[in-house]
>>> print(open('target21.cif').read())   # mmCIF, C-alpha atoms
data_final
#
loop_
_atom_site.label_atom_id
_atom_site.label_comp_id
_atom_site.auth_asym_id
_atom_site.auth_seq_id
_atom_site.Cartn_x
_atom_site.Cartn_y
_atom_site.Cartn_z
CA GLN A 327 0.00 0.00 0.00
CA PRO A 328 1.18 3.57 -0.60
CA SER A 329 3.12 5.30 2.14
CA PRO A 330 1.10 7.76 4.26
CA ARG A 331 3.36 10.55 3.10
CA TRP A 332 1.40 10.49 -0.13
CA GLN A 333 -2.01 10.21 1.58
CA GLN A 334 -2.57 12.36 4.65
CA THR A 335 -4.07 15.70 3.67
CA SER A 336 -5.01 18.88 5.48
CA LEU A 337 -7.41 21.54 4.27
CA LEU A 338 -6.66 25.19 4.90
CA VAL A 339 -8.42 28.45 4.20
CA PHE A 340 -6.80 31.55 2.74
CA ARG A 341 -7.43 34.17 5.41
CA GLU A 342 -5.27 37.15 4.45
CA PRO A 343 -6.14 39.98 2.04
CA GLY A 344 -5.04 39.22 -1.49
CA GLY A 345 -5.45 35.50 -1.00
CA HIS A 346 -1.99 34.72 0.38
CA PHE A 347 -2.26 32.67 3.53
CA PHE A 348 1.09 33.89 4.85
CA CYS A 349 1.32 37.34 3.25
CA LYS A 350 1.25 38.98 6.68
CA ILE A 351 4.99 38.76 7.17
CA HIS A 352 5.88 40.05 3.69
CA LEU A 353 9.16 38.15 3.58
CA HIS A 354 8.89 35.86 0.58
CA GLN A 355 6.21 34.92 -1.88
CA PRO A 356 4.58 31.57 -1.07
CA VAL A 357 5.55 28.53 -3.13
CA GLY A 358 3.77 25.34 -4.08
CA LYS A 359 0.04 25.24 -3.48
CA LEU A 360 0.29 28.25 -1.15
CA ALA A 361 1.24 30.40 -4.14
CA GLY A 362 -2.32 30.43 -5.45
CA SER A 363 -4.42 33.56 -5.27
CA GLY A 364 -8.04 34.02 -4.41
CA SER A 365 -9.99 32.64 -1.51
CA GLY A 366 -11.35 29.27 -0.56
CA GLN A 367 -9.93 25.95 0.49
CA ILE A 368 -7.00 24.00 -0.85
CA ALA A 369 -5.85 20.50 0.01
CA LEU A 370 -2.25 20.18 1.16
CA SER A 371 -0.83 16.67 1.42
CA ARG A 372 2.36 15.35 2.95
CA ALA A 373 3.63 14.87 -0.58
CA ASP A 374 2.99 18.55 -1.36
CA VAL A 375 5.09 19.64 1.60
CA PHE A 376 7.87 17.17 0.82
CA ALA A 377 7.99 18.66 -2.69
CA VAL A 378 8.78 22.10 -1.23
CA ALA A 379 11.84 20.56 0.43
CA ASN A 380 13.12 19.30 -2.92
CA GLN A 381 15.76 22.04 -3.13
CA GLU A 382 19.08 22.96 -1.58
CA PRO A 383 18.58 24.17 2.01
CA THR A 384 18.75 27.96 2.31
CA PRO A 385 17.33 30.40 4.87
CA ALA A 386 14.72 31.62 2.37
CA GLY A 387 13.78 28.07 1.42
CA ALA A 388 13.60 27.11 5.09
CA LEU A 389 10.90 29.72 5.66
CA GLN A 390 8.96 28.40 2.68
CA LEU A 391 9.22 24.89 4.08
CA LEU A 392 8.07 26.16 7.47
CA TRP A 393 5.03 27.94 5.96
CA ASN A 394 3.96 24.76 4.22
CA SER A 395 4.62 22.63 7.30
CA LEU A 396 2.55 25.02 9.40
CA ALA A 397 -0.28 25.09 6.88
CA TRP A 398 -0.35 21.30 6.69
CA GLY A 399 -0.19 20.89 10.45
CA LEU A 400 -2.62 23.65 11.44
CA GLY A 401 -5.33 22.94 8.86
CA LEU A 402 -8.63 24.78 8.88
CA ARG A 403 -8.57 25.84 12.52
CA ALA A 404 -5.09 27.42 12.26
CA PRO A 405 -4.77 27.90 16.05
CA ARG A 406 -2.55 30.81 17.13
CA LEU A 407 -1.42 31.35 13.53
CA HIS A 408 -0.92 35.09 13.92
CA ALA A 409 1.14 34.62 17.08
CA ARG A 410 3.35 32.14 15.25
CA LEU A 411 3.84 34.48 12.29
CA ASP A 412 4.49 37.48 14.53
CA ALA A 413 7.20 35.55 16.35
CA ILE A 414 8.98 34.73 13.07
CA ALA A 415 8.57 38.29 11.80
CA HIS A 416 10.16 39.67 14.97
CA ASP A 417 13.54 38.17 14.00
CA PRO A 418 13.26 36.43 10.63
CA ASP A 419 17.01 36.20 10.10
CA ARG A 420 17.59 34.22 13.29
CA ALA A 421 14.58 32.00 12.67
CA SER A 422 15.50 31.24 9.07
CA GLU A 423 19.14 30.50 9.96
CA LEU A 424 18.12 28.05 12.69
CA LEU A 425 15.68 26.33 10.38
CA ALA A 426 18.21 26.15 7.55
CA GLU A 427 20.83 24.72 9.93
CA ALA A 428 18.43 22.00 11.02
CA TRP A 429 17.41 21.30 7.42
CA ARG A 430 21.03 20.97 6.28
CA SER A 431 21.79 18.62 9.15
CA VAL A 432 18.85 16.38 8.27
CA ARG A 433 20.04 16.25 4.67
CA ASP A 434 23.56 15.39 5.87
CA ALA A 435 22.22 12.36 7.75
CA GLY A 436 22.33 14.02 11.14
CA ASP A 437 20.82 12.09 14.02
CA PRO A 438 17.37 13.01 15.38
CA GLU A 439 18.61 14.06 18.81
CA THR A 440 21.18 16.51 17.43
CA ASP A 441 18.88 17.99 14.81
CA TYR A 442 15.95 18.34 17.20
CA ALA A 443 18.28 20.15 19.62
CA ILE A 444 18.98 22.78 16.96
CA LEU A 445 15.33 23.86 17.22
CA THR A 446 14.65 23.09 20.88
CA THR A 447 16.40 23.63 24.20
CA PRO A 448 17.71 20.74 26.35
CA HIS A 449 14.41 20.83 28.26
CA GLY A 450 12.19 20.76 25.18
CA ALA A 451 11.24 24.41 24.68
CA GLY A 452 11.30 25.90 21.20
CA ARG A 453 14.28 28.10 20.37
CA ILE A 454 11.94 30.02 18.03
CA LYS A 455 9.00 31.46 19.92
CA TRP A 456 5.68 29.75 19.12
CA LEU A 457 7.52 27.01 17.21
CA GLY A 458 7.32 24.35 19.88
CA PRO A 459 8.61 20.80 19.92
CA ALA A 460 5.71 19.31 17.95
CA PHE A 461 6.10 21.70 15.02
CA SER A 462 9.88 21.33 15.22
CA THR A 463 9.42 17.62 14.54
CA LYS A 464 7.10 18.36 11.62
CA PHE A 465 9.73 20.63 10.07
CA LEU A 466 12.46 18.02 10.58
CA TYR A 467 10.27 15.34 9.04
CA PHE A 468 9.51 17.32 5.89
CA ALA A 469 13.13 18.47 5.62
CA HIS A 470 14.01 15.02 4.22
CA GLY A 471 12.38 15.90 0.91
CA PRO A 472 10.41 13.55 -1.34
CA ASP A 473 13.03 10.90 -2.08
CA ALA A 474 14.39 9.85 1.31
CA THR A 475 12.87 7.52 3.87
CA PRO A 476 12.43 9.82 6.87
CA THR A 477 14.47 9.10 9.97
CA HIS A 478 13.18 12.15 11.87
CA LEU A 479 9.51 11.57 12.60
CA ILE A 480 6.53 13.66 13.64
CA LEU A 481 5.77 13.61 17.36
CA ASP A 482 2.81 15.52 18.71
CA ARG A 483 0.47 15.36 21.69
CA VAL A 484 -1.89 12.92 19.94
CA VAL A 485 0.87 10.42 19.15
CA ALA A 486 2.52 10.81 22.55
CA THR A 487 -0.75 10.32 24.43
CA LYS A 488 -1.55 7.14 22.52
CA LEU A 489 1.95 5.79 23.11
CA GLN A 490 1.62 6.58 26.80
CA VAL A 491 -1.49 4.44 27.01
CA THR A 492 -0.35 1.54 24.84
CA ALA A 493 3.44 1.20 24.95
CA TRP A 494 5.33 3.94 26.78
CA PRO A 495 3.69 4.76 30.14
CA ALA A 496 6.42 7.15 31.25
CA ALA A 497 6.49 9.17 28.05
CA PRO A 498 5.68 12.89 28.39
CA THR A 499 2.94 14.23 26.13
CA THR A 500 4.69 17.52 25.33
CA GLY A 501 7.99 19.36 25.84
CA TRP A 502 10.12 16.39 24.81
CA TRP A 503 13.82 16.55 25.60
CA PRO A 504 16.16 15.77 22.67
CA SER A 505 17.00 12.37 24.17
CA THR A 506 13.28 11.57 24.44
CA TYR A 507 12.69 12.49 20.81
CA ALA A 508 15.61 10.27 19.79
CA ALA A 509 14.15 7.37 21.80
CA TYR A 510 10.78 7.89 20.12
CA CYS A 511 12.32 7.82 16.63
CA ALA A 512 14.26 4.68 17.53
CA LEU A 513 11.03 3.02 18.73
CA MET A 514 9.24 3.84 15.47
CA HIS A 515 12.16 2.43 13.48
CA HIS A 516 12.17 -0.73 15.60
CA TRP A 517 8.45 -1.26 15.08
CA ALA A 518 8.84 -0.59 11.36
CA ALA A 519 11.51 -3.28 11.13
CA GLU A 520 9.26 -5.74 12.97
CA ALA A 521 6.30 -4.87 10.72
CA SER A 522 8.48 -5.34 7.64
CA ASP A 523 9.49 -8.81 8.79
CA ARG A 524 5.89 -9.83 9.47
CA SER A 525 4.37 -8.33 6.30
CA GLY A 526 7.05 -9.24 3.81
CA ARG A 527 7.32 -5.66 2.52
CA ASP A 528 9.25 -2.58 3.52
CA VAL A 529 7.29 -0.65 6.13
CA SER A 530 8.62 2.85 6.67
CA PRO A 531 8.85 4.38 10.15
CA ASP A 532 6.46 7.17 9.23
CA GLU A 533 3.83 4.56 8.38
CA ILE A 534 4.08 3.46 12.00
CA GLU A 535 3.79 7.07 13.20
CA PHE A 536 0.72 7.58 11.02
CA THR A 537 -0.83 4.35 12.29
CA VAL A 538 -0.32 5.43 15.90
CA PHE A 539 -1.78 8.86 15.11
CA LYS A 540 -4.89 7.39 13.49
CA GLY A 541 -5.26 4.43 15.86
#
>>> encode(input="target21.cif", output="structure tokens")
Amino acid sequence: QPSPRWQQTSLLVFREPGGHFFCKIHLHQPVGKLAGSGSGQIALSRADVFAVANQEPTPAGALQLLWNSLAWGLGLRAPRLHARLDAIAHDPDRASELLAEAWRSVRDAGDPETDYAILTTPHGAGRIKWLGPAFSTKFLYFAHGPDATPTHLILDRVVATKLQVTAWPAAPTTGWWPSTYAAYCALMHHWAAEASDRSGRDVSPDEIEFTVFKG
């Protein structure tokens, strides 16, 4: 069956004047599906966001990847969107450099703990205001681009809560330390390997993440 990175889709609404969902910060023109004008809903899939990462990592490109990751993750409700955008706009150079550093490290086969620590503190707080640990993991996940099997996986409150109930009683549901995020990624990889052995096909770690999320 197809990987979930080509299936899971979020819908978002253009909310800003002129039709650009993220035009408020006036830093760069949107790319991909976010570049459309007008109003209404568009569907944004994991594959669409991976496609944005199909370029050499740069600070400008990192912001584009972040916009698409946010749009995919926030969907129609877009909670605290303006606060998130204001935080980036307050110091876009610092934010874009941190994001680009993390993106480059993912592309250079960096390990999840190290790359997560670029965007979060040792105690799991976001180094970029309003870009917390959950959205940091979304950015790291999409930073792989469309052709790699992701090693850095999405971890959010939904996934963590379900793991706490079923397999990892001591796991926190937010504010994950870098070592905790690394342990989570290792667990998803271990379960993917077991599922591959049982099913006779290659099961990717993000399929396991998606299964936990939907389960």
>>> closest_atom_pairs(input="target21.cif", of="segment 375-417 of chain A", to="segment 462-466 of chain A", cutoff="9 Å", atoms="only C-alpha atoms", output="CSV")
residue,atom,partner,partner_atom,distance
A:Leu391,CA,A:Phe465,CA,7.4
A:Leu392,CA,A:Phe465,CA,6.3
A:Ser395,CA,A:Phe465,CA,6.1
A:Leu396,CA,A:Lys464,CA,8.4
A:Gly399,CA,A:Lys464,CA,7.8
>>> closest_residue(input="target21.cif", among="A:Gly452, A:Gly387, A:Pro498, A:Pro438", to="Tyr467 of chain A", atoms="all atoms listed in the file")
A:Pro438
>>> residues_near_point(input="target21.cif", point="(8.0, 22.0, 1.1)", cutoff="7 Å", atoms="all atoms listed in the file", output="list in words")
Asp374, Val375, Phe376, Ala377, Val378, Ala379, Gln390, Leu391, Asn394 and Phe468 of chain A
>>> closest_atom_pairs(input="target21.cif", of="segment 435-528 of chain A", to="segment 410-427 of chain A", cutoff="7 Å", atoms="all atoms listed in the file", output="tab-separated table")
residue	atom	partner	partner_atom	distance
A:Ile444	CA	A:Leu424	CA	6.8
A:Leu445	CA	A:Leu424	CA	6.8
A:Ile454	CA	A:Ala421	CA	6.3
A:Lys455	CA	A:Ala413	CA	5.7
A:Trp456	CA	A:Arg410	CA	5.1
A:Leu457	CA	A:Arg410	CA	6.9
>>> write_last_selection(input="target21.cif", atoms="C-alpha atoms", output="JSON list (two decimals), in the frame of the given file")
[["chain", "number", "residue", "atom", "x", "y", "z"],
["A", 444, "ILE", "CA", 18.98, 22.78, 16.96],
["A", 445, "LEU", "CA", 15.33, 23.86, 17.22],
["A", 454, "ILE", "CA", 11.94, 30.02, 18.03],
["A", 455, "LYS", "CA", 9.00, 31.46, 19.92],
["A", 456, "TRP", "CA", 5.68, 29.75, 19.12],
["A", 457, "LEU", "CA", 7.52, 27.01, 17.21]]
>>> atom_distance(input="target21.cif", atom1="atom CA of Ser530 of chain A", atom2="atom CA of Arg433 of chain A")
17.7 Å
>>> residues_around(input="target21.cif", residues="Pro504 of chain A", least_positions_apart="4", cutoff="7 Å", atoms="all atoms listed in the file", output="list in words")
Glu439, Tyr442, Ala443, Pro448, Gly450 and Ala508 of chain A
>>> resolve_selection(input="target21.cif", expression="the PyMOL selection byres ((chain A and resi 476-492) around 6)", output="CSV table (one decimal) with C-alpha atoms, keeping the file's coordinate frame")
chain,number,residue,atom,x,y,z
A,438,PRO,CA,17.4,13.0,15.4
A,460,ALA,CA,5.7,19.3,18.0
A,463,THR,CA,9.4,17.6,14.5
A,464,LYS,CA,7.1,18.4,11.6
A,467,TYR,CA,10.3,15.3,9.0
A,474,ALA,CA,14.4,9.8,1.3
A,475,THR,CA,12.9,7.5,3.9
A,493,ALA,CA,3.4,1.2,25.0
A,494,TRP,CA,5.3,3.9,26.8
A,495,PRO,CA,3.7,4.8,30.1
A,497,ALA,CA,6.5,9.2,28.0
A,499,THR,CA,2.9,14.2,26.1
A,500,THR,CA,4.7,17.5,25.3
A,539,PHE,CA,-1.8,8.9,15.1
>>> atom_distance(input="target21.cif", atom1="atom CA of Trp429 of chain A", atom2="atom CA of Ser505 of chain A")
19.0 Å
>>> atom_distance(input="target21.cif", atom1="atom CA of Ile534 of chain A", atom2="atom CA of Thr440 of chain A")
22.2 Å
>>> decode(input="target21.cif", residues="segment 379-420 of chain A", atoms="N, CA and C atoms", output="JSON list (two decimals), in the first residue's frame")
[["chain", "number", "residue", "atom", "x", "y", "z"],
["A", 379, "ALA", "N", 10.50, 20.82, -0.08],
["A", 379, "ALA", "CA", 11.84, 20.56, 0.43],
["A", 379, "ALA", "C", 12.78, 20.01, -0.63],
["A", 380, "ASN", "N", 12.29, 19.85, -1.85],
["A", 380, "ASN", "CA", 13.12, 19.30, -2.92],
["A", 380, "ASN", "C", 13.98, 20.41, -3.53],
["A", 381, "GLN", "N", 14.86, 20.96, -2.72],
["A", 381, "GLN", "CA", 15.76, 22.04, -3.13],
["A", 381, "GLN", "C", 16.93, 22.07, -2.16],
["A", 382, "GLU", "N", 17.96, 22.81, -2.50],
["A", 382, "GLU", "CA", 19.08, 22.96, -1.58],
["A", 382, "GLU", "C", 18.65, 23.81, -0.39],
["A", 383, "PRO", "N", 19.00, 23.40, 0.83],
["A", 383, "PRO", "CA", 18.58, 24.17, 2.01],
["A", 383, "PRO", "C", 19.19, 25.57, 2.04],
["A", 384, "THR", "N", 18.34, 26.56, 2.15],
["A", 384, "THR", "CA", 18.75, 27.96, 2.31],
["A", 384, "THR", "C", 17.83, 28.59, 3.34],
["A", 385, "PRO", "N", 18.23, 29.72, 3.92],
["A", 385, "PRO", "CA", 17.33, 30.40, 4.87],
["A", 385, "PRO", "C", 15.98, 30.76, 4.24],
["A", 386, "ALA", "N", 15.99, 31.28, 3.02],
["A", 386, "ALA", "CA", 14.72, 31.62, 2.37],
["A", 386, "ALA", "C", 13.88, 30.38, 2.12],
["A", 387, "GLY", "N", 14.51, 29.32, 1.65],
["A", 387, "GLY", "CA", 13.78, 28.07, 1.42],
["A", 387, "GLY", "C", 13.27, 27.46, 2.71],
["A", 388, "ALA", "N", 14.03, 27.65, 3.79],
["A", 388, "ALA", "CA", 13.60, 27.11, 5.09],
["A", 388, "ALA", "C", 12.31, 27.76, 5.55],
["A", 389, "LEU", "N", 12.16, 29.06, 5.30],
["A", 389, "LEU", "CA", 10.90, 29.72, 5.66],
["A", 389, "LEU", "C", 9.75, 29.18, 4.81],
["A", 390, "GLN", "N", 10.01, 28.96, 3.53],
["A", 390, "GLN", "CA", 8.96, 28.40, 2.68],
["A", 390, "GLN", "C", 8.54, 27.01, 3.18],
["A", 391, "LEU", "N", 9.53, 26.22, 3.56],
["A", 391, "LEU", "CA", 9.22, 24.89, 4.08],
["A", 391, "LEU", "C", 8.45, 24.99, 5.39],
["A", 392, "LEU", "N", 8.81, 25.96, 6.22],
["A", 392, "LEU", "CA", 8.07, 26.16, 7.47],
["A", 392, "LEU", "C", 6.63, 26.56, 7.20],
["A", 393, "TRP", "N", 6.40, 27.51, 6.26],
["A", 393, "TRP", "CA", 5.03, 27.94, 5.96],
["A", 393, "TRP", "C", 4.18, 26.74, 5.55],
["A", 394, "ASN", "N", 4.72, 25.91, 4.69],
["A", 394, "ASN", "CA", 3.96, 24.76, 4.22],
["A", 394, "ASN", "C", 3.76, 23.73, 5.33],
["A", 395, "SER", "N", 4.77, 23.55, 6.17],
["A", 395, "SER", "CA", 4.62, 22.63, 7.30],
["A", 395, "SER", "C", 3.55, 23.13, 8.27],
["A", 396, "LEU", "N", 3.56, 24.45, 8.52],
["A", 396, "LEU", "CA", 2.55, 25.02, 9.40],
["A", 396, "LEU", "C", 1.15, 24.87, 8.81],
["A", 397, "ALA", "N", 1.03, 25.18, 7.52],
["A", 397, "ALA", "CA", -0.28, 25.09, 6.88],
["A", 397, "ALA", "C", -0.81, 23.66, 6.92],
["A", 398, "TRP", "N", 0.06, 22.70, 6.64],
["A", 398, "TRP", "CA", -0.35, 21.30, 6.69],
["A", 398, "TRP", "C", -0.73, 20.90, 8.10],
["A", 399, "GLY", "N", 0.05, 21.31, 9.08],
["A", 399, "GLY", "CA", -0.19, 20.89, 10.45],
["A", 399, "GLY", "C", -1.35, 21.60, 11.12],
["A", 400, "LEU", "N", -1.57, 22.87, 10.78],
["A", 400, "LEU", "CA", -2.62, 23.65, 11.44],
["A", 400, "LEU", "C", -3.99, 23.43, 10.82],
["A", 401, "GLY", "N", -4.05, 23.21, 9.51],
["A", 401, "GLY", "CA", -5.33, 22.94, 8.86],
["A", 401, "GLY", "C", -6.30, 24.09, 8.96],
["A", 402, "LEU", "N", -7.59, 23.77, 8.93],
["A", 402, "LEU", "CA", -8.63, 24.78, 8.88],
["A", 402, "LEU", "C", -8.69, 25.65, 10.12],
["A", 403, "ARG", "N", -8.44, 25.08, 11.29],
["A", 403, "ARG", "CA", -8.57, 25.84, 12.52],
["A", 403, "ARG", "C", -7.45, 26.87, 12.67],
["A", 404, "ALA", "N", -6.25, 26.52, 12.20],
["A", 404, "ALA", "CA", -5.09, 27.42, 12.26],
["A", 404, "ALA", "C", -4.94, 28.08, 13.63],
["A", 405, "PRO", "N", -4.85, 27.30, 14.72],
["A", 405, "PRO", "CA", -4.77, 27.90, 16.05],
["A", 405, "PRO", "C", -3.50, 28.72, 16.23],
["A", 406, "ARG", "N", -3.66, 29.90, 16.78],
["A", 406, "ARG", "CA", -2.55, 30.81, 17.13],
["A", 406, "ARG", "C", -1.65, 31.10, 15.93],
["A", 407, "LEU", "N", -2.22, 31.10, 14.73],
["A", 407, "LEU", "CA", -1.42, 31.35, 13.53],
["A", 407, "LEU", "C", -0.75, 32.72, 13.58],
["A", 408, "HIS", "N", -1.50, 33.76, 13.94],
["A", 408, "HIS", "CA", -0.92, 35.09, 13.92],
["A", 408, "HIS", "C", 0.20, 35.22, 14.94],
["A", 409, "ALA", "N", 0.06, 34.59, 16.09],
["A", 409, "ALA", "CA", 1.14, 34.62, 17.08],
["A", 409, "ALA", "C", 2.39, 33.94, 16.53],
["A", 410, "ARG", "N", 2.21, 32.85, 15.83],
["A", 410, "ARG", "CA", 3.35, 32.14, 15.25],
["A", 410, "ARG", "C", 4.05, 33.01, 14.20],
["A", 411, "LEU", "N", 3.26, 33.65, 13.33],
["A", 411, "LEU", "CA", 3.84, 34.48, 12.29],
["A", 411, "LEU", "C", 4.51, 35.72, 12.87],
["A", 412, "ASP", "N", 3.89, 36.32, 13.89],
["A", 412, "ASP", "CA", 4.49, 37.48, 14.53],
["A", 412, "ASP", "C", 5.84, 37.14, 15.14],
["A", 413, "ALA", "N", 5.95, 35.96, 15.73],
["A", 413, "ALA", "CA", 7.20, 35.55, 16.35],
["A", 413, "ALA", "C", 8.31, 35.41, 15.31],
["A", 414, "ILE", "N", 7.98, 34.85, 14.15],
["A", 414, "ILE", "CA", 8.98, 34.73, 13.07],
["A", 414, "ILE", "C", 9.34, 36.12, 12.55],
["A", 415, "ALA", "N", 8.33, 36.96, 12.35],
["A", 415, "ALA", "CA", 8.57, 38.29, 11.80],
["A", 415, "ALA", "C", 9.40, 39.16, 12.73],
["A", 416, "HIS", "N", 9.38, 38.88, 14.02],
["A", 416, "HIS", "CA", 10.16, 39.67, 14.97],
["A", 416, "HIS", "C", 11.65, 39.55, 14.71],
["A", 417, "ASP", "N", 12.12, 38.38, 14.30],
["A", 417, "ASP", "CA", 13.54, 38.17, 14.00],
["A", 417, "ASP", "C", 13.65, 37.10, 12.92],
["A", 418, "PRO", "N", 13.28, 37.44, 11.69],
["A", 418, "PRO", "CA", 13.26, 36.43, 10.63],
["A", 418, "PRO", "C", 14.63, 35.88, 10.28],
["A", 419, "ASP", "N", 15.68, 36.69, 10.43],
["A", 419, "ASP", "CA", 17.01, 36.20, 10.10],
["A", 419, "ASP", "C", 17.43, 35.07, 11.03],
["A", 420, "ARG", "N", 17.22, 35.28, 12.33],
["A", 420, "ARG", "CA", 17.59, 34.22, 13.29],
["A", 420, "ARG", "C", 16.76, 32.98, 13.06]]
